[in-house]
Each structure stands twice: as C-alpha cells, then as structure tokens.
$ cat run.txt   # compact mmCIF, C-alpha atoms
# COMPACT_ATOMS: atom_id res chain seq x y z
CA MET O 1 -24.11 -22.91 -13.04
CA ALA O 2 -20.59 -24.15 -13.62
CA GLN O 3 -18.96 -20.84 -14.45
CA THR O 4 -18.50 -18.35 -11.63
CA ASN O 5 -18.30 -14.68 -12.42
CA PRO O 6 -16.11 -12.79 -9.95
CA PRO O 7 -15.90 -9.54 -11.98
CA PHE O 8 -19.69 -9.25 -11.76
CA LEU O 9 -19.38 -9.06 -8.00
CA THR O 10 -16.07 -7.36 -7.48
CA GLY O 11 -15.12 -5.60 -10.71
CA VAL O 12 -17.62 -2.73 -10.69
CA PRO O 13 -15.49 -0.15 -8.82
CA GLU O 14 -12.50 -1.10 -11.02
CA LEU O 15 -14.60 -0.78 -14.16
CA LEU O 16 -15.95 2.64 -13.18
CA VAL O 17 -12.55 3.98 -12.13
CA LEU O 18 -10.91 2.83 -15.36
CA ARG O 19 -13.78 4.29 -17.39
CA MET O 20 -13.52 7.66 -15.62
CA LEU O 21 -9.78 7.77 -16.22
CA SER O 22 -9.93 6.64 -19.83
CA GLY O 23 -10.49 10.23 -20.97
CA ARG O 24 -7.92 12.11 -18.91
CA GLU O 25 -5.85 11.87 -15.75
CA MET O 26 -7.61 12.78 -12.51
CA TYR O 27 -7.08 12.74 -8.75
CA GLY O 28 -9.28 10.90 -6.25
CA TYR O 29 -11.80 13.63 -5.50
CA GLU O 30 -12.28 14.36 -9.20
CA ILE O 31 -12.80 10.68 -9.99
CA VAL O 32 -15.50 10.36 -7.31
CA LYS O 33 -17.25 13.52 -8.52
CA ALA O 34 -17.20 12.23 -12.11
CA MET O 35 -18.53 8.84 -11.00
CA ARG O 36 -21.39 10.43 -9.08
CA LEU O 37 -22.21 12.56 -12.09
CA VAL O 38 -22.20 9.85 -14.75
CA THR O 39 -24.02 7.28 -12.60
CA ALA O 40 -26.56 9.90 -11.44
CA GLU O 41 -25.53 9.00 -7.88
CA ALA O 42 -26.97 5.51 -8.34
CA ILE O 43 -23.98 3.98 -6.61
CA GLY O 44 -23.52 5.10 -3.01
CA PHE O 45 -20.27 4.55 -1.15
CA GLY O 46 -17.97 6.22 1.36
CA GLU O 47 -15.65 8.19 -0.90
CA GLY O 48 -12.53 7.15 1.00
CA VAL O 49 -12.80 3.59 -0.31
CA ILE O 50 -11.81 4.80 -3.79
CA TYR O 51 -8.14 4.90 -2.75
CA PRO O 52 -7.58 1.18 -2.17
CA VAL O 53 -9.15 0.58 -5.61
CA LEU O 54 -6.79 3.12 -7.20
CA HIS O 55 -3.75 1.76 -5.38
CA SER O 56 -4.66 -1.81 -6.26
CA LEU O 57 -5.02 -0.92 -9.94
CA GLU O 58 -1.70 0.90 -9.81
CA GLU O 59 -0.05 -2.09 -8.15
CA GLY O 60 -1.45 -4.27 -10.94
CA GLY O 61 -0.03 -1.95 -13.60
CA ALA O 62 -3.41 -0.74 -14.87
CA LEU O 63 -2.81 2.82 -13.64
CA LYS O 64 0.18 5.01 -13.18
CA ALA O 65 0.30 7.76 -10.58
CA ARG O 66 2.23 10.99 -10.36
CA ARG O 67 2.33 13.70 -7.74
CA LYS O 68 1.59 17.21 -8.82
CA SER O 69 1.50 20.39 -6.78
CA VAL O 70 -1.53 22.47 -7.74
CA ASN O 71 -2.21 25.80 -5.99
CA GLY O 72 -0.19 24.68 -3.00
CA ARG O 73 -2.07 21.38 -2.79
CA GLU O 74 -0.29 18.07 -3.21
CA ARG O 75 -2.38 16.01 -5.67
CA VAL O 76 -1.84 12.44 -6.81
CA TYR O 77 -3.03 12.16 -10.41
CA TYR O 78 -3.87 8.79 -11.95
CA ALA O 79 -3.80 7.84 -15.62
CA VAL O 80 -4.67 4.62 -17.42
CA THR O 81 -1.82 2.56 -18.87
CA THR O 82 -2.00 0.31 -21.93
CA LYS O 83 -2.57 -2.61 -19.61
CA GLY O 84 -5.37 -0.62 -17.95
CA LYS O 85 -7.04 -0.01 -21.32
CA ARG O 86 -7.02 -3.74 -22.01
CA ARG O 87 -8.42 -4.39 -18.53
CA LEU O 88 -11.18 -1.81 -19.16
CA GLU O 89 -12.14 -3.51 -22.43
CA HIS O 90 -12.23 -6.89 -20.72
CA LEU O 91 -14.31 -5.64 -17.77
CA SER O 92 -16.69 -3.74 -20.07
CA ASP O 93 -17.30 -6.85 -22.18
CA GLU O 94 -17.81 -8.89 -19.04
CA TRP O 95 -20.22 -6.36 -17.61
CA LYS O 96 -22.22 -6.12 -20.87
CA ARG O 97 -22.49 -9.90 -21.02
CA VAL O 98 -23.68 -10.13 -17.42
CA SER O 99 -26.09 -7.19 -17.64
CA THR O 100 -27.57 -8.61 -20.86
CA GLY O 101 -28.20 -11.85 -18.99
CA VAL O 102 -29.72 -10.08 -15.99
CA ASN O 103 -31.91 -7.88 -18.22
CA SER O 104 -33.04 -10.94 -20.08
CA ALA O 105 -34.04 -12.55 -16.80
CA LEU O 106 -35.81 -9.41 -15.60
CA ASN O 107 -37.72 -9.14 -18.86
CA GLY O 108 -39.39 -12.43 -18.17
CA ASN O 109 -37.25 -15.02 -19.94
CA GLY O 110 -36.83 -18.13 -17.80
CA ALA O 111 -39.76 -17.18 -15.60
CA ASP O 112 -40.33 -19.17 -12.39
CA GLY O 113 -36.68 -20.12 -12.43
CA ASP O 114 -37.33 -22.86 -14.97
CA PRO O 115 -34.54 -22.85 -17.55
CA GLU O 116 -36.72 -24.91 -19.87
CA HIS O 117 -38.87 -21.81 -20.47
CA ALA O 118 -35.89 -19.60 -21.32
CA MET N 119 -8.81 20.06 9.34
CA ARG N 120 -7.87 18.84 12.80
CA GLU N 121 -4.16 17.98 13.30
CA GLY N 122 -3.57 14.23 13.00
CA GLN N 123 -7.10 13.68 11.69
CA PHE N 124 -6.29 10.24 10.29
CA GLU N 125 -3.59 9.24 12.77
CA SER N 126 -5.53 6.31 14.21
CA LEU N 127 -6.21 5.00 10.69
CA ARG N 128 -2.52 5.38 9.81
CA LEU N 129 -1.47 3.38 12.87
CA GLU N 130 -4.09 0.71 12.25
CA LEU N 131 -2.95 0.26 8.66
CA LEU N 132 0.70 0.02 9.66
CA ARG N 133 -0.15 -2.47 12.41
CA SER N 134 -2.15 -4.54 9.93
CA GLY N 135 0.84 -4.83 7.59
CA VAL N 136 -0.07 -2.39 4.81
CA THR N 137 3.01 -1.28 2.86
CA PRO N 138 4.21 1.99 4.48
CA VAL N 139 4.39 3.77 1.11
CA TYR N 140 0.68 3.07 0.52
CA VAL N 141 -0.21 4.08 4.08
CA GLN N 142 1.53 7.43 3.55
CA ARG N 143 -0.16 7.90 0.15
CA THR N 144 -3.60 6.96 1.50
CA ILE N 145 -3.37 9.39 4.40
CA LEU N 146 -2.17 12.20 2.13
CA GLU N 147 -4.99 11.54 -0.34
CA LEU N 148 -7.63 11.25 2.38
CA GLU N 149 -6.50 14.57 3.88
CA GLU N 150 -6.68 16.26 0.48
CA HIS N 151 -10.05 14.66 -0.24
CA TYR N 152 -11.35 15.79 3.15
CA SER N 153 -10.19 19.36 2.46
CA ASP N 154 -11.97 19.33 -0.92
CA LEU N 155 -15.19 18.05 0.65
CA GLU N 156 -14.97 20.59 3.45
CA SER N 157 -14.37 23.45 0.98
CA ALA N 158 -17.33 22.30 -1.14
CA ALA N 159 -19.56 22.17 1.94
CA LEU N 160 -18.43 25.62 3.06
CA ALA N 161 -19.08 26.96 -0.43
CA SER N 162 -22.63 25.64 -0.21
CA GLY N 163 -23.19 27.96 2.75
CA VAL N 164 -23.01 25.74 5.83
CA ASP N 165 -20.96 26.72 8.89
CA ALA N 166 -17.49 25.29 9.61
CA GLU N 167 -18.69 22.69 12.11
CA GLU N 168 -21.36 21.36 9.75
CA ALA N 169 -18.88 21.39 6.85
CA ALA N 170 -16.46 19.23 8.85
CA ARG N 171 -19.27 16.82 9.77
CA VAL N 172 -20.45 16.55 6.16
CA ALA N 173 -16.89 16.03 4.90
CA LEU N 174 -16.25 13.19 7.34
CA ALA N 175 -19.60 11.54 6.63
CA THR N 176 -19.04 11.70 2.86
CA LEU N 177 -15.54 10.30 3.16
CA GLY N 178 -16.86 7.31 5.11
CA ASN N 179 -15.83 6.00 8.49
CA GLU N 180 -12.25 4.94 9.10
CA ARG N 181 -13.22 1.34 9.86
CA ALA N 182 -14.82 0.98 6.41
CA ILE N 183 -11.77 2.52 4.75
CA ALA N 184 -9.40 0.24 6.65
CA THR N 185 -11.50 -2.81 5.75
CA ALA N 186 -11.50 -1.79 2.08
CA ILE N 187 -7.71 -1.42 2.10
CA LEU N 188 -7.11 -4.71 3.91
CA ALA N 189 -9.30 -6.46 1.32
CA HIS N 190 -6.49 -5.85 -1.19
CA PRO N 191 -3.67 -8.24 -0.30
CA GLU N 192 -1.45 -6.70 -2.99
CA LEU N 193 -1.21 -3.58 -0.79
CA LEU N 194 0.21 -5.54 2.14
CA THR N 195 3.86 -6.17 2.93
CA PHE N 196 5.34 -9.55 2.06
CA SER N 197 5.41 -10.64 5.70
CA ALA N 198 1.74 -9.71 6.15
CA ARG N 199 0.71 -11.54 2.98
CA TYR N 200 2.74 -14.66 3.60
CA PRO N 201 3.45 -14.73 7.36
CA ARG N 202 4.57 -18.39 7.43
CA VAL N 203 6.93 -18.02 4.46
CA ALA N 204 8.33 -14.81 5.97
CA GLN N 205 8.86 -16.57 9.28
CA TYR N 206 10.77 -19.43 7.61
CA LEU N 207 12.85 -17.01 5.55
CA GLN N 208 13.66 -14.95 8.64
CA SER N 209 14.73 -18.08 10.53
CA ALA N 210 16.85 -19.24 7.59
CA ALA N 211 18.44 -15.81 7.27
CA THR N 212 19.23 -15.74 10.99
CA ILE N 213 20.82 -19.20 10.89
CA GLY N 214 22.74 -18.24 7.75
CA ALA N 215 23.97 -15.02 9.32
CA LEU N 216 25.25 -16.66 12.53
CA PRO N 217 28.69 -17.68 11.13
CA GLY N 218 29.12 -14.22 9.67
CA LEU N 219 28.39 -12.39 12.91
CA PRO N 220 31.98 -12.53 14.32
CA LEU N 221 33.26 -11.19 11.00
CA LEU N 222 30.69 -8.39 11.05
CA PHE N 223 31.70 -7.62 14.64
CA CYS N 224 35.35 -7.37 13.59
CA ILE N 225 34.52 -5.07 10.68
CA GLU N 226 32.38 -2.86 12.88
CA HIS N 227 35.01 -2.62 15.65
CA ARG N 228 38.01 -2.37 13.34
CA PRO N 229 39.81 0.56 15.11
CA GLU N 230 39.53 -1.05 18.55
CA LEU N 231 40.65 -4.40 17.18
CA THR N 232 43.62 -2.78 15.40
CA ARG N 233 44.72 -1.13 18.67
CA TRP N 234 44.25 -4.42 20.52
CA VAL N 235 46.31 -6.37 17.97
CA ALA N 236 49.02 -3.70 18.08
CA ALA N 237 49.08 -3.77 21.91
CA VAL N 238 49.21 -7.57 22.06
CA GLY N 239 51.92 -7.62 19.37
CA LEU N 240 53.99 -5.03 21.22
CA ALA N 241 53.56 -6.85 24.54
CA THR N 242 54.52 -10.16 22.94
CA THR N 243 57.60 -8.58 21.34
CA LEU N 244 58.69 -6.98 24.63
CA MET N 245 58.07 -10.15 26.62
CA GLY N 246 59.90 -12.20 23.99
CA SER N 247 62.85 -9.78 24.10
CA VAL N 248 63.03 -9.92 27.93
CA LEU N 249 62.87 -13.73 27.89
CA ALA N 250 65.51 -13.91 25.18
CA MET N 251 67.75 -11.57 27.16
CA LEU N 252 67.27 -13.58 30.37
CA ASN N 253 67.94 -16.76 28.45
CA TRP N 254 71.11 -15.24 27.04
CA LEU N 255 72.27 -14.06 30.51
CA ILE N 256 71.67 -17.52 31.98
CA VAL N 257 73.20 -19.43 29.13
CA VAL N 258 76.21 -17.21 28.47
CA PRO N 259 79.09 -18.41 30.68
CA PHE N 260 80.97 -15.70 32.57

$ encode --input "run.txt" --output "structure tokens"
Amino acid sequence: MAQTNPPFLTGVPELLVLRMLSGREMYGYEIVKAMRLVTAEAIGFGEGVIYPVLHSLEEGGALKARRKSVNGRERVYYAVTTKGKRRLEHLSDEWKRVSTGVNSALNGNGADGDPEHA
Amino acid sequence: MREGQFESLRLELLRSGVTPVYVQRTILELEEHYSDLESAALASGVDAEEAARVALATLGNERAIATAILAHPELLTFSARYPRVAQYLQSAATIGALPGLPLLFCIEHRPELTRWVAAVGLATTLMGSVLAMLNWLIVVPF
C-alpha cells in the first residue's frame, strides 16, 4: 500500500476528545467520563493520559482553555475552536473511510489476502 | 490527597524539557482529577484507603503519563526539541555578548564607577596643581 494512514493509528484520542467537546466546554475528568459513557467503556486507558492530548490540541490551536473556579476547585475548561471543528471533520471523515475499509475486509471481501478477490 | 502526590512526575517532566507552564497545568489537572476519582470512589461506599488506591489506578501510573506527555514534542521547550540548534544559538549569543560585557558591567556598577572617576579626576587635578606650582616655583627667578 503506497498511502500510509497515521490518523488511523494516532488520531483516535484526538478524534474522541474533539467529539466530546464539540457540544460544550468540559474539564478533563468530565471529558473522560463522557468518553467512557459514549464508547461503552470499549476503550481502556489510564485517565491521566488525556491531558497531553488536550494540551497538544490546545498548542495546535484546536482547543482553547480557560481556568474557572467552581466550588473552591480550580478547573481548566476546554472548548473547541473553529480550527478544532475543521480538524474534527477531517478526522471523522478519515476514520469513516478507514473503518469502512476495515469492515469491508472483516465482512469477507478480499478473503485470503488476495486483492484480486476484492 | 497526600502532599506532593505528583512531585516526582513534576520533576521528571521538568528534567525532560517539558515547558514549565504545561508541567504546572498537568500537575494541577492531575491533582483535580485524582480528587474527583477519590470522591467518586468514596461515594460508592469504599473506605478512604481503597478510594485512594482506586483513584491512582484509574489515573494510570506516572511513568505512562510521563511517556504520553513526552510523545508530544510540541509540549517541550525549544532547547529540548532542537538541542543542537539551541546549543549553536547559545554559543552564538555568548560570542555576540562578549564585546558588550564591559559595557554591561559599567552600567551595572555605575555609582561605583562615578565615584572612581570623580576620585581619579580630583587626584589628577590636585597632582596637576602641585606640579604646576612646583614648576612655577622652580622657573620663577627670585
């Protein structure tokens, strides 16, 4: 295959975070809870690793963060920017394309690894 | 939560060249996240010790968190991302600053230098006056 597909391998956390934040701003713990809920806990990970993803997206301009004091707790809320919305659309399209291909393979097309049978 | 719960992680991140502002943010967010997890565990009816254990396990171990952060080069300082370029720039800046160092020294020690110049000027004036007077006494015929 000539075309590599990095988002397939590395873009899933980004995609999920952007999707969770597309509705409203949230802080880290809320994002993780929402992700567990909508994915029916299909994706397992140490929750602390969400922060480098959030910070990386913020650094790239896809998210903006603001500190808010809520009930004496210092929260960092994240919201999607216009650039983030475009990134979400791009990643969603990419994911749909890849998952369609994988589903097609799982459903028997191209059996025995022979592309001639696809 | 134990005091300095994530201190070793904080130090590791700083040592590894993560931008201090992100280190501070990460630690703050991890502490808040830990508190939320601990509260949720306590609310489910477990004792404090078990709640702390569950919270830490859910958050993930510090090594995994550090590895995840270091996998994002955009969160690192310039010198950690481009160590060779930073080294060259630092050398160039040092060489460039060398001629300016005496000037900076003078600016920094302005009061002392002013007193020194005044003292030398006064001494020179006095010495010049004495020499001129001696010269006049020798030269003037009585």

$ residues_around --input "run.txt" --residues "stretch 23-25 of chain O" --least-positions-apart "3" --cutoff "7 Å" --atoms "only C-alpha atoms" --output "ChimeraX atom specification"
/O:20,77-79

$ interface_residues --input "run.txt" --of "chain N" --to "chain O" --cutoff "9 Å" --atoms "only C-alpha atoms" --output "VMD selection string"
chain N and resid 140 143 to 144 146 to 148 150 to 152 154 to 155 175 to 180 182 to 193

$ residues_around --input "run.txt" --residues "N:Leu160" --least-positions-apart "5" --cutoff "8 Å" --atoms "all atoms listed in the file" --output "ChimeraX atom specification"
/N:165-166,169

$ atom_distance --input "run.txt" --atom1 "atom CA of N:Ser126" --atom2 "atom CA of N:Ser157"
23.4 Å

$ atom_distance --input "run.txt" --atom1 "atom CA of O:Thr81" --atom2 "atom CA of N:Glu149"
26.1 Å

$ residues_near_point --input "run.txt" --point "(-11.0, -0.6, -18.6)" --cutoff "10 Å" --atoms "all atoms listed in the file" --output "PyMOL selection string"
chain O and resi 14-22+62+80-93

$ write_last_selection --input "run.txt" --atoms "C-alpha atoms" --output "PDB file, keeping the file's coordinate frame"
ATOM      1  CA  GLU O  14     -12.500  -1.100 -11.020  1.00  0.00           C
ATOM      2  CA  LEU O  15     -14.600  -0.780 -14.160  1.00  0.00           C
ATOM      3  CA  LEU O  16     -15.950   2.640 -13.180  1.00  0.00           C
ATOM      4  CA  VAL O  17     -12.550   3.980 -12.130  1.00  0.00           C
ATOM      5  CA  LEU O  18     -10.910   2.830 -15.360  1.00  0.00           C
ATOM      6  CA  ARG O  19     -13.780   4.290 -17.390  1.00  0.00           C
ATOM      7  CA  MET O  20     -13.520   7.660 -15.620  1.00  0.00           C
ATOM      8  CA  LEU O  21      -9.780   7.770 -16.220  1.00  0.00           C
ATOM      9  CA  SER O  22      -9.930   6.640 -19.830  1.00  0.00           C
ATOM     10  CA  ALA O  62      -3.410  -0.740 -14.870  1.00  0.00           C
ATOM     11  CA  VAL O  80      -4.670   4.620 -17.420  1.00  0.00           C
ATOM     12  CA  THR O  81      -1.820   2.560 -18.870  1.00  0.00           C
ATOM     13  CA  THR O  82      -2.000   0.310 -21.930  1.00  0.00           C
ATOM     14  CA  LYS O  83      -2.570  -2.610 -19.610  1.00  0.00           C
ATOM     15  CA  GLY O  84      -5.370  -0.620 -17.950  1.00  0.00           C
ATOM     16  CA  LYS O  85      -7.040  -0.010 -21.320  1.00  0.00           C
ATOM     17  CA  ARG O  86      -7.020  -3.740 -22.010  1.00  0.00           C
ATOM     18  CA  ARG O  87      -8.420  -4.390 -18.530  1.00  0.00           C
ATOM     19  CA  LEU O  88     -11.180  -1.810 -19.160  1.00  0.00           C
ATOM     20  CA  GLU O  89     -12.140  -3.510 -22.430  1.00  0.00           C
ATOM     21  CA  HIS O  90     -12.230  -6.890 -20.720  1.00  0.00           C
ATOM     22  CA  LEU O  91     -14.310  -5.640 -17.770  1.00  0.00           C
ATOM     23  CA  SER O  92     -16.690  -3.740 -20.070  1.00  0.00           C
ATOM     24  CA  ASP O  93     -17.300  -6.850 -22.180  1.00  0.00           C
TER      25      ASP O  93
END

$ atom_distance --input "run.txt" --atom1 "atom CA of N:Val238" --atom2 "atom CA of N:Leu252"
20.8 Å

$ axis_aligned_box --input "run.txt" --around "stretch 134-140 of chain N" --padding-each-side "8 Å" --output "JSON"
{"center_x": 1.1, "center_y": -0.5, "center_z": 5.2, "size_x": 22.5, "size_y": 24.6, "size_z": 25.4}
